[in-house]
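Everything below belongs to entry-v7.cif, which stores mmCIF, N, CA and C atoms.
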```cif
data_upload
loop_
_atom_site.label_atom_id
_atom_site.label_comp_id
_atom_site.auth_asym_id
_atom_site.auth_seq_id
_atom_site.Cartn_x
_atom_site.Cartn_y
_atom_site.Cartn_z
N MET A 1 -73.41 114.70 0.12
CA MET A 1 -72.95 114.54 -1.25
C MET A 1 -73.39 115.78 -2.03
N THR A 2 -72.50 116.34 -2.75
CA THR A 2 -72.81 117.57 -3.49
C THR A 2 -72.64 117.42 -5.00
N ASP A 3 -72.51 116.20 -5.49
CA ASP A 3 -72.33 115.96 -6.92
C ASP A 3 -73.60 116.36 -7.67
N PRO A 4 -73.56 117.40 -8.51
CA PRO A 4 -74.76 117.83 -9.23
C PRO A 4 -75.31 116.76 -10.19
N ALA A 5 -74.50 115.78 -10.55
CA ALA A 5 -74.96 114.71 -11.42
C ALA A 5 -75.79 113.68 -10.66
N ASN A 6 -75.74 113.73 -9.33
CA ASN A 6 -76.51 112.79 -8.52
C ASN A 6 -77.84 113.45 -8.18
N GLY A 7 -78.89 113.05 -8.90
CA GLY A 7 -80.21 113.65 -8.74
C GLY A 7 -80.78 113.48 -7.34
N LEU A 8 -80.57 112.34 -6.72
CA LEU A 8 -81.10 112.10 -5.38
C LEU A 8 -80.43 113.04 -4.37
N ALA A 9 -79.10 113.15 -4.45
CA ALA A 9 -78.38 114.03 -3.53
C ALA A 9 -78.81 115.48 -3.73
N THR A 10 -78.96 115.89 -4.97
CA THR A 10 -79.38 117.26 -5.26
C THR A 10 -80.74 117.54 -4.65
N LYS A 11 -81.69 116.61 -4.79
CA LYS A 11 -83.03 116.79 -4.23
C LYS A 11 -82.98 116.84 -2.71
N LEU A 12 -82.25 115.91 -2.10
CA LEU A 12 -82.16 115.89 -0.64
C LEU A 12 -81.51 117.17 -0.09
N ASN A 13 -80.54 117.69 -0.79
CA ASN A 13 -79.90 118.92 -0.35
C ASN A 13 -80.86 120.11 -0.41
N GLN A 14 -81.83 120.07 -1.31
CA GLN A 14 -82.79 121.17 -1.44
C GLN A 14 -83.94 121.07 -0.44
N LEU A 15 -84.34 119.86 -0.06
CA LEU A 15 -85.48 119.67 0.82
C LEU A 15 -85.17 120.07 2.26
N PRO A 16 -86.20 120.50 3.01
CA PRO A 16 -85.97 120.76 4.43
C PRO A 16 -85.75 119.45 5.17
N LYS A 17 -84.85 119.50 6.15
CA LYS A 17 -84.54 118.33 6.96
C LYS A 17 -84.62 118.74 8.43
N HIS A 18 -85.12 117.84 9.26
CA HIS A 18 -85.28 118.14 10.68
C HIS A 18 -84.62 117.02 11.47
N VAL A 19 -83.69 117.36 12.32
CA VAL A 19 -82.92 116.41 13.09
C VAL A 19 -83.46 116.39 14.51
N VAL A 20 -83.97 115.24 14.94
CA VAL A 20 -84.46 115.09 16.31
C VAL A 20 -83.25 114.69 17.15
N THR A 21 -82.89 115.55 18.10
CA THR A 21 -81.70 115.30 18.90
C THR A 21 -81.79 116.01 20.25
N LYS A 22 -81.13 115.42 21.23
CA LYS A 22 -80.99 116.06 22.54
C LYS A 22 -79.56 116.52 22.75
N THR A 23 -78.66 116.12 21.84
CA THR A 23 -77.24 116.39 22.06
C THR A 23 -76.63 117.39 21.07
N LEU A 24 -77.04 117.39 19.82
CA LEU A 24 -76.44 118.31 18.85
C LEU A 24 -76.83 119.75 19.18
N THR A 25 -75.91 120.65 18.92
CA THR A 25 -76.20 122.07 19.14
C THR A 25 -76.53 122.78 17.84
N GLU A 26 -76.16 122.18 16.71
CA GLU A 26 -76.49 122.77 15.42
C GLU A 26 -76.60 121.67 14.36
N ALA A 27 -77.41 121.95 13.34
CA ALA A 27 -77.55 121.05 12.19
C ALA A 27 -76.90 121.74 11.00
N THR A 28 -75.87 121.13 10.46
CA THR A 28 -75.08 121.82 9.43
C THR A 28 -75.44 121.45 8.00
N TRP A 29 -76.24 120.39 7.80
CA TRP A 29 -76.61 120.01 6.45
C TRP A 29 -77.56 121.07 5.90
N ASN A 30 -77.45 121.37 4.63
CA ASN A 30 -78.26 122.39 3.97
C ASN A 30 -79.75 122.21 4.29
N ASN A 31 -80.42 123.31 4.66
CA ASN A 31 -81.87 123.32 4.96
C ASN A 31 -82.23 122.42 6.14
N SER A 32 -81.36 122.35 7.15
CA SER A 32 -81.61 121.50 8.32
C SER A 32 -81.92 122.34 9.55
N SER A 33 -82.75 121.77 10.40
CA SER A 33 -83.04 122.39 11.69
C SER A 33 -83.14 121.30 12.74
N ILE A 34 -83.05 121.70 14.00
CA ILE A 34 -83.07 120.75 15.11
C ILE A 34 -84.45 120.75 15.77
N VAL A 35 -84.93 119.55 16.09
CA VAL A 35 -86.17 119.36 16.85
C VAL A 35 -85.77 118.74 18.18
N ARG A 36 -86.12 119.39 19.28
CA ARG A 36 -85.76 118.89 20.61
C ARG A 36 -86.89 118.08 21.25
N ASP A 37 -88.11 118.53 21.09
CA ASP A 37 -89.28 117.88 21.70
C ASP A 37 -90.02 117.12 20.61
N VAL A 38 -89.95 115.79 20.65
CA VAL A 38 -90.52 114.98 19.58
C VAL A 38 -92.02 115.21 19.43
N ALA A 39 -92.77 115.11 20.50
CA ALA A 39 -94.24 115.21 20.39
C ALA A 39 -94.66 116.57 19.85
N ALA A 40 -94.16 117.64 20.43
CA ALA A 40 -94.54 118.98 19.98
C ALA A 40 -93.93 119.30 18.62
N GLY A 41 -92.66 118.96 18.44
CA GLY A 41 -91.97 119.29 17.20
C GLY A 41 -92.51 118.58 15.99
N VAL A 42 -92.72 117.28 16.10
CA VAL A 42 -93.23 116.51 14.96
C VAL A 42 -94.69 116.87 14.69
N GLY A 43 -95.46 117.08 15.74
CA GLY A 43 -96.84 117.53 15.54
C GLY A 43 -96.89 118.83 14.77
N GLU A 44 -96.01 119.77 15.11
CA GLU A 44 -95.95 121.06 14.41
C GLU A 44 -95.51 120.87 12.96
N LEU A 45 -94.53 120.00 12.72
CA LEU A 45 -94.07 119.75 11.34
C LEU A 45 -95.19 119.14 10.50
N LYS A 46 -95.97 118.24 11.08
CA LYS A 46 -97.09 117.64 10.35
C LYS A 46 -98.11 118.71 9.97
N ARG A 47 -98.38 119.64 10.89
CA ARG A 47 -99.32 120.73 10.59
C ARG A 47 -98.73 121.68 9.54
N ARG A 48 -97.45 121.98 9.66
CA ARG A 48 -96.81 122.94 8.76
C ARG A 48 -96.76 122.44 7.32
N TYR A 49 -96.35 121.20 7.14
CA TYR A 49 -96.15 120.69 5.78
C TYR A 49 -97.41 120.12 5.16
N GLY A 50 -98.24 119.48 5.95
CA GLY A 50 -99.44 118.88 5.39
C GLY A 50 -99.14 117.77 4.39
N LYS A 51 -97.90 117.40 4.25
CA LYS A 51 -97.48 116.32 3.36
C LYS A 51 -96.75 115.29 4.19
N GLU A 52 -96.12 114.37 3.52
CA GLU A 52 -95.42 113.33 4.26
C GLU A 52 -94.13 113.84 4.88
N LEU A 53 -93.84 113.31 6.04
CA LEU A 53 -92.55 113.46 6.69
C LEU A 53 -91.95 112.06 6.72
N GLN A 54 -90.69 111.95 6.42
CA GLN A 54 -90.05 110.64 6.36
C GLN A 54 -88.98 110.51 7.44
N VAL A 55 -88.83 109.30 7.93
CA VAL A 55 -87.76 108.95 8.85
C VAL A 55 -86.89 107.94 8.12
N HIS A 56 -85.61 108.23 8.03
CA HIS A 56 -84.69 107.32 7.36
C HIS A 56 -83.67 106.78 8.35
N GLY A 57 -83.63 105.46 8.50
CA GLY A 57 -82.56 104.81 9.23
C GLY A 57 -82.50 105.08 10.72
N SER A 58 -83.61 105.34 11.36
CA SER A 58 -83.57 105.57 12.81
C SER A 58 -84.66 104.76 13.49
N ALA A 59 -84.31 103.55 13.89
CA ALA A 59 -85.28 102.71 14.59
C ALA A 59 -85.69 103.35 15.91
N GLY A 60 -84.76 104.01 16.58
CA GLY A 60 -85.07 104.67 17.85
C GLY A 60 -86.11 105.76 17.68
N LEU A 61 -85.93 106.62 16.68
CA LEU A 61 -86.91 107.68 16.43
C LEU A 61 -88.23 107.07 15.99
N SER A 62 -88.18 106.06 15.16
CA SER A 62 -89.42 105.40 14.72
C SER A 62 -90.19 104.84 15.91
N GLN A 63 -89.48 104.22 16.86
CA GLN A 63 -90.14 103.69 18.06
C GLN A 63 -90.78 104.81 18.87
N THR A 64 -90.08 105.93 19.00
CA THR A 64 -90.62 107.07 19.74
C THR A 64 -91.87 107.60 19.05
N LEU A 65 -91.83 107.74 17.73
CA LEU A 65 -92.99 108.24 16.99
C LEU A 65 -94.17 107.28 17.08
N LEU A 66 -93.91 105.97 16.99
CA LEU A 66 -94.97 104.98 17.13
C LEU A 66 -95.58 105.05 18.53
N GLY A 67 -94.73 105.19 19.53
CA GLY A 67 -95.20 105.25 20.91
C GLY A 67 -96.05 106.47 21.20
N ARG A 68 -95.84 107.54 20.46
CA ARG A 68 -96.60 108.77 20.65
C ARG A 68 -97.72 108.91 19.62
N GLN A 69 -97.95 107.83 18.88
CA GLN A 69 -99.00 107.77 17.85
C GLN A 69 -98.87 108.91 16.84
N LEU A 70 -97.63 109.15 16.38
CA LEU A 70 -97.36 110.18 15.38
C LEU A 70 -97.05 109.58 14.01
N VAL A 71 -97.29 108.30 13.85
CA VAL A 71 -97.05 107.62 12.57
C VAL A 71 -98.38 107.35 11.89
N ASP A 72 -98.51 107.81 10.66
CA ASP A 72 -99.72 107.56 9.87
C ASP A 72 -99.52 106.39 8.91
N GLU A 73 -98.28 106.21 8.48
CA GLU A 73 -98.00 105.20 7.47
C GLU A 73 -96.59 104.66 7.68
N LEU A 74 -96.43 103.36 7.46
CA LEU A 74 -95.12 102.71 7.53
C LEU A 74 -94.75 102.18 6.15
N ASN A 75 -93.53 102.44 5.74
CA ASN A 75 -92.98 101.85 4.53
C ASN A 75 -91.82 100.98 4.99
N LEU A 76 -91.98 99.68 4.90
CA LEU A 76 -90.97 98.74 5.37
C LEU A 76 -90.33 98.02 4.20
N LEU A 77 -89.02 97.92 4.23
CA LEU A 77 -88.28 97.15 3.24
C LEU A 77 -87.73 95.93 3.95
N VAL A 78 -88.11 94.75 3.51
CA VAL A 78 -87.68 93.51 4.13
C VAL A 78 -86.69 92.83 3.18
N TYR A 79 -85.47 92.67 3.68
CA TYR A 79 -84.39 92.08 2.88
C TYR A 79 -84.30 90.59 3.17
N PRO A 80 -84.01 89.78 2.15
CA PRO A 80 -83.96 88.33 2.33
C PRO A 80 -82.64 87.87 2.95
N ILE A 81 -82.43 88.28 4.20
CA ILE A 81 -81.22 87.90 4.91
C ILE A 81 -81.52 87.91 6.41
N ALA A 82 -80.95 86.97 7.13
CA ALA A 82 -81.11 86.94 8.59
C ALA A 82 -79.72 87.09 9.20
N LEU A 83 -79.53 88.16 9.95
CA LEU A 83 -78.23 88.40 10.56
C LEU A 83 -78.16 87.95 12.00
N GLY A 84 -79.33 87.80 12.64
CA GLY A 84 -79.37 87.32 14.00
C GLY A 84 -79.06 88.36 15.05
N GLN A 85 -78.88 89.60 14.64
CA GLN A 85 -78.61 90.66 15.60
C GLN A 85 -79.05 91.99 15.00
N GLY A 86 -79.03 93.00 15.83
CA GLY A 86 -79.42 94.32 15.35
C GLY A 86 -80.56 94.88 16.18
N LYS A 87 -80.88 96.12 15.92
CA LYS A 87 -81.93 96.80 16.67
C LYS A 87 -83.28 96.41 16.10
N ARG A 88 -84.22 96.12 16.98
CA ARG A 88 -85.57 95.76 16.58
C ARG A 88 -86.36 97.03 16.27
N LEU A 89 -87.22 96.98 15.28
CA LEU A 89 -88.08 98.11 14.97
C LEU A 89 -89.17 98.24 16.01
N PHE A 90 -89.74 97.12 16.45
CA PHE A 90 -90.81 97.12 17.43
C PHE A 90 -90.29 96.53 18.74
N GLU A 91 -89.79 97.39 19.60
CA GLU A 91 -89.25 96.98 20.89
C GLU A 91 -90.39 96.65 21.86
N ALA A 92 -90.06 95.97 22.94
CA ALA A 92 -91.04 95.71 24.00
C ALA A 92 -91.57 97.04 24.50
N GLY A 93 -92.87 97.10 24.73
CA GLY A 93 -93.47 98.32 25.25
C GLY A 93 -94.02 99.25 24.19
N VAL A 94 -93.82 98.93 22.90
CA VAL A 94 -94.38 99.79 21.85
C VAL A 94 -95.90 99.77 21.94
N THR A 95 -96.53 100.87 21.65
CA THR A 95 -97.98 100.97 21.70
C THR A 95 -98.60 100.01 20.68
N PRO A 96 -99.45 99.08 21.10
CA PRO A 96 -100.09 98.18 20.14
C PRO A 96 -100.91 98.97 19.13
N SER A 97 -100.69 98.69 17.87
CA SER A 97 -101.37 99.39 16.79
C SER A 97 -101.66 98.41 15.67
N ALA A 98 -102.77 98.63 14.99
CA ALA A 98 -103.10 97.82 13.81
C ALA A 98 -102.73 98.62 12.57
N PHE A 99 -102.30 97.92 11.55
CA PHE A 99 -101.97 98.54 10.27
C PHE A 99 -102.67 97.81 9.15
N LYS A 100 -103.04 98.55 8.13
CA LYS A 100 -103.69 97.97 6.95
C LYS A 100 -102.70 98.03 5.79
N LEU A 101 -102.51 96.89 5.12
CA LEU A 101 -101.61 96.84 3.98
C LEU A 101 -102.19 97.64 2.82
N LEU A 102 -101.44 98.62 2.34
CA LEU A 102 -101.87 99.44 1.21
C LEU A 102 -101.26 98.97 -0.10
N GLU A 103 -100.03 98.46 0.00
CA GLU A 103 -99.31 98.10 -1.22
C GLU A 103 -98.17 97.16 -0.86
N SER A 104 -97.87 96.23 -1.75
CA SER A 104 -96.69 95.39 -1.57
C SER A 104 -96.11 95.07 -2.94
N ARG A 105 -94.80 95.00 -2.97
CA ARG A 105 -94.13 94.59 -4.19
C ARG A 105 -92.77 94.02 -3.84
N THR A 106 -92.22 93.26 -4.73
CA THR A 106 -90.92 92.64 -4.50
C THR A 106 -89.99 93.01 -5.64
N THR A 107 -88.79 93.41 -5.29
CA THR A 107 -87.81 93.79 -6.30
C THR A 107 -87.19 92.54 -6.91
N SER A 108 -86.43 92.72 -7.97
CA SER A 108 -85.79 91.58 -8.64
C SER A 108 -84.76 90.90 -7.74
N SER A 109 -84.25 91.62 -6.73
CA SER A 109 -83.28 91.02 -5.81
C SER A 109 -83.93 90.39 -4.59
N GLY A 110 -85.28 90.40 -4.54
CA GLY A 110 -85.99 89.74 -3.45
C GLY A 110 -86.37 90.64 -2.28
N VAL A 111 -86.07 91.93 -2.36
CA VAL A 111 -86.47 92.86 -1.29
C VAL A 111 -87.98 93.09 -1.41
N THR A 112 -88.68 92.90 -0.31
CA THR A 112 -90.12 93.12 -0.29
C THR A 112 -90.37 94.52 0.28
N ILE A 113 -91.14 95.31 -0.47
CA ILE A 113 -91.47 96.68 -0.05
C ILE A 113 -92.94 96.68 0.34
N LEU A 114 -93.20 97.02 1.60
CA LEU A 114 -94.55 96.98 2.16
C LEU A 114 -94.94 98.37 2.62
N ARG A 115 -96.15 98.79 2.25
CA ARG A 115 -96.66 100.10 2.67
C ARG A 115 -97.93 99.88 3.47
N TYR A 116 -97.92 100.35 4.72
CA TYR A 116 -99.03 100.16 5.63
C TYR A 116 -99.57 101.51 6.11
N ALA A 117 -100.88 101.59 6.33
CA ALA A 117 -101.51 102.75 6.95
C ALA A 117 -101.94 102.37 8.36
N LEU A 118 -101.84 103.32 9.27
CA LEU A 118 -102.32 103.10 10.63
C LEU A 118 -103.81 102.81 10.58
N ALA A 119 -104.24 101.78 11.29
CA ALA A 119 -105.65 101.36 11.25
C ALA A 119 -106.25 101.27 12.65
N GLY A 120 -105.71 102.04 13.58
CA GLY A 120 -106.29 102.07 14.93
C GLY A 120 -105.73 101.01 15.84
N LYS A 121 -106.57 100.60 16.78
CA LYS A 121 -106.17 99.61 17.77
C LYS A 121 -106.26 98.21 17.17
N PRO A 122 -105.39 97.32 17.59
CA PRO A 122 -105.44 95.96 17.03
C PRO A 122 -106.60 95.16 17.60
N SER A 123 -107.06 94.21 16.80
CA SER A 123 -108.01 93.22 17.31
C SER A 123 -107.21 91.94 17.50
N TYR A 124 -107.55 91.19 18.51
CA TYR A 124 -106.76 90.00 18.84
C TYR A 124 -107.54 88.75 18.48
N GLY A 125 -106.82 87.80 17.94
CA GLY A 125 -107.43 86.53 17.57
C GLY A 125 -106.69 85.40 18.22
N SER A 126 -106.72 84.27 17.57
CA SER A 126 -106.09 83.07 18.11
C SER A 126 -105.15 82.50 17.05
N PHE A 127 -104.08 81.86 17.52
CA PHE A 127 -103.17 81.17 16.63
C PHE A 127 -103.50 79.69 16.53
N ALA A 128 -104.59 79.29 17.16
CA ALA A 128 -104.98 77.88 17.17
C ALA A 128 -105.33 77.45 15.74
N LEU A 129 -104.97 76.22 15.43
CA LEU A 129 -105.31 75.65 14.14
C LEU A 129 -106.78 75.24 14.14
N ASP A 130 -107.46 75.46 13.02
CA ASP A 130 -108.85 75.01 12.91
C ASP A 130 -108.88 73.50 12.89
N ALA A 131 -109.88 72.92 13.57
CA ALA A 131 -109.99 71.46 13.62
C ALA A 131 -110.64 70.92 12.38
#
```
Same coordinates, now as structure tokens:
Amino acid sequence: MTDPANGLATKLNQLPKHVVTKTLTEATWNNSSIVRDVAAGVGELKRRYGKELQVHGSAGLSQTLLGRQLVDELNLLVYPIALGQGKRLFEAGVTPSAFKLLESRTTSSGVTILRYALAGKPSYGSFALDA
């Protein structure tokens, strides 16, 4: 989107973007580059920017980053709808990790926004009811 009246589009067009791909030969969006090796590439981006890197709309990339322990914080938006299908964010085989809730809020339409920080390895408890 190139509408100068759209502040979000204008900002996104100015920011650097990195496309993790094995198939694309070029990234054509303004200020875009291709990352081929997730572990090395994302590690380098984290060192280069020293700020947040965001993943938008890619459960597959998110799973890869979680599996390689390259996620420091999760921002999850939970919508009040059950569709019964779709890609899972946490697939079987994901590296077990604990997260600490940093912030939560709910929008007027019922979307819950949750912000979590990586908190190391999980501790396991029981689902048994107290007697």
Box for stretch 3-16 of chain A: with edges along x, y and z, all listed atoms inside and 4 Å added on each side, what are the centre and edge lengths in Å to one decimal, as lines of an AutoDock Vina configuration file?
```
center_x = -79.3
center_y = 116.6
center_z = -3.1
size_x = 21.9
size_y = 17.1
size_z = 24.6
```
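You will find atom CA of A:Lys100 at 8.5 Å from atom CA of A:Arg115.
For chain A, the set of residues given strand (DSSP E) by DSSP on the backbone reads Lys17, His18, Val19, Val20, Ser32, Ser33, Ile34, Val35, Glu73, Leu74, Asn75, Leu76, Leu77, Val78, Phe99, Lys100, Leu101, Leu102, Glu103, Ser104, Arg105, Thr106, Thr112, Ile113, Leu114, Arg115, Tyr116, Ala117 and Leu118 of chain A.
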Against stretch 66-72 of chain A, which residues of stretch 77-123 of chain A fall within 10 Å? For each one I want the closest pair of atoms and the distance in Å (one decimal), counting only C-alpha atoms, rows by chain and increasing residue number, as JSON lines.
```
{"residue": "A:Leu89", "atom": "CA", "partner": "A:Leu66", "partner_atom": "CA", "distance": 10.0}
{"residue": "A:Phe90", "atom": "CA", "partner": "A:Leu66", "partner_atom": "CA", "distance": 8.9}
{"residue": "A:Gly93", "atom": "CA", "partner": "A:Gly67", "partner_atom": "CA", "distance": 8.4}
{"residue": "A:Val94", "atom": "CA", "partner": "A:Gly67", "partner_atom": "CA", "distance": 5.6}
{"residue": "A:Thr95", "atom": "CA", "partner": "A:Gly67", "partner_atom": "CA", "distance": 5.2}
{"residue": "A:Pro96", "atom": "CA", "partner": "A:Gly67", "partner_atom": "CA", "distance": 8.6}
{"residue": "A:Ser97", "atom": "CA", "partner": "A:Leu66", "partner_atom": "CA", "distance": 8.5}
{"residue": "A:Phe99", "atom": "CA", "partner": "A:Asp72", "partner_atom": "CA", "distance": 9.3}
{"residue": "A:Tyr116", "atom": "CA", "partner": "A:Asp72", "partner_atom": "CA", "distance": 8.6}
{"residue": "A:Ala117", "atom": "CA", "partner": "A:Asp72", "partner_atom": "CA", "distance": 5.9}
{"residue": "A:Leu118", "atom": "CA", "partner": "A:Asp72", "partner_atom": "CA", "distance": 5.2}
{"residue": "A:Ala119", "atom": "CA", "partner": "A:Asp72", "partner_atom": "CA", "distance": 8.7}
{"residue": "A:Gly120", "atom": "CA", "partner": "A:Gln69", "partner_atom": "CA", "distance": 9.7}
```
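Distances to A:Ala39 were evaluated for A:Thr107, A:Thr25, A:Thr64, A:Ser126 using all atoms listed in the file, and the minimum falls at A:Thr64.
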Each residue of stretch 6-47 of chain A lying at most 8 Å from stretch 51-59 of chain A should get a row with its shortest atom-to-atom pair and the distance in Å to one decimal, counting all atoms listed in the file; could you produce that, ordered by chain and increasing number, as JSON lines?
```
{"residue": "A:Leu45", "atom": "C", "partner": "A:Lys51", "partner_atom": "N", "distance": 7.0}
{"residue": "A:Lys46", "atom": "C", "partner": "A:Lys51", "partner_atom": "N", "distance": 5.9}
{"residue": "A:Arg47", "atom": "C", "partner": "A:Lys51", "partner_atom": "N", "distance": 6.9}
```
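Interatomic distance, atom C of A:Ala92 to atom N of A:Gln63: 10.7 Å.
By chain and then residue number, the residues within 5 Å of stretch 2-19 of chain A are Thr21, Asn31, Ser32, Ser33, Ile34 and Val35 of chain A, counting all atoms listed in the file and disregarding those fewer than 2 positions away in sequence.
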For the residues in the current selection, export N, CA and C atoms as a compact mmCIF listing (two decimals), keeping the file's coordinate frame.
```
# COMPACT_ATOMS: atom_id res chain seq x y z
N THR A 21 -82.89 115.55 18.10
CA THR A 21 -81.70 115.30 18.90
C THR A 21 -81.79 116.01 20.25
N ASN A 31 -80.42 123.31 4.66
CA ASN A 31 -81.87 123.32 4.96
C ASN A 31 -82.23 122.42 6.14
N SER A 32 -81.36 122.35 7.15
CA SER A 32 -81.61 121.50 8.32
C SER A 32 -81.92 122.34 9.55
N SER A 33 -82.75 121.77 10.40
CA SER A 33 -83.04 122.39 11.69
C SER A 33 -83.14 121.30 12.74
N ILE A 34 -83.05 121.70 14.00
CA ILE A 34 -83.07 120.75 15.11
C ILE A 34 -84.45 120.75 15.77
N VAL A 35 -84.93 119.55 16.09
CA VAL A 35 -86.17 119.36 16.85
C VAL A 35 -85.77 118.74 18.18
```
task = List every residue of chain A that DSSP, applied to the backbone of this structure, places in helix (DSSP H, G or I), and write the result as an NGL selection string.
result = :A and (7-14 or 38-49 or 59-67)
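Separating atom C of A:Pro80 from atom N of A:Leu129 is a distance of 28.1 Å.
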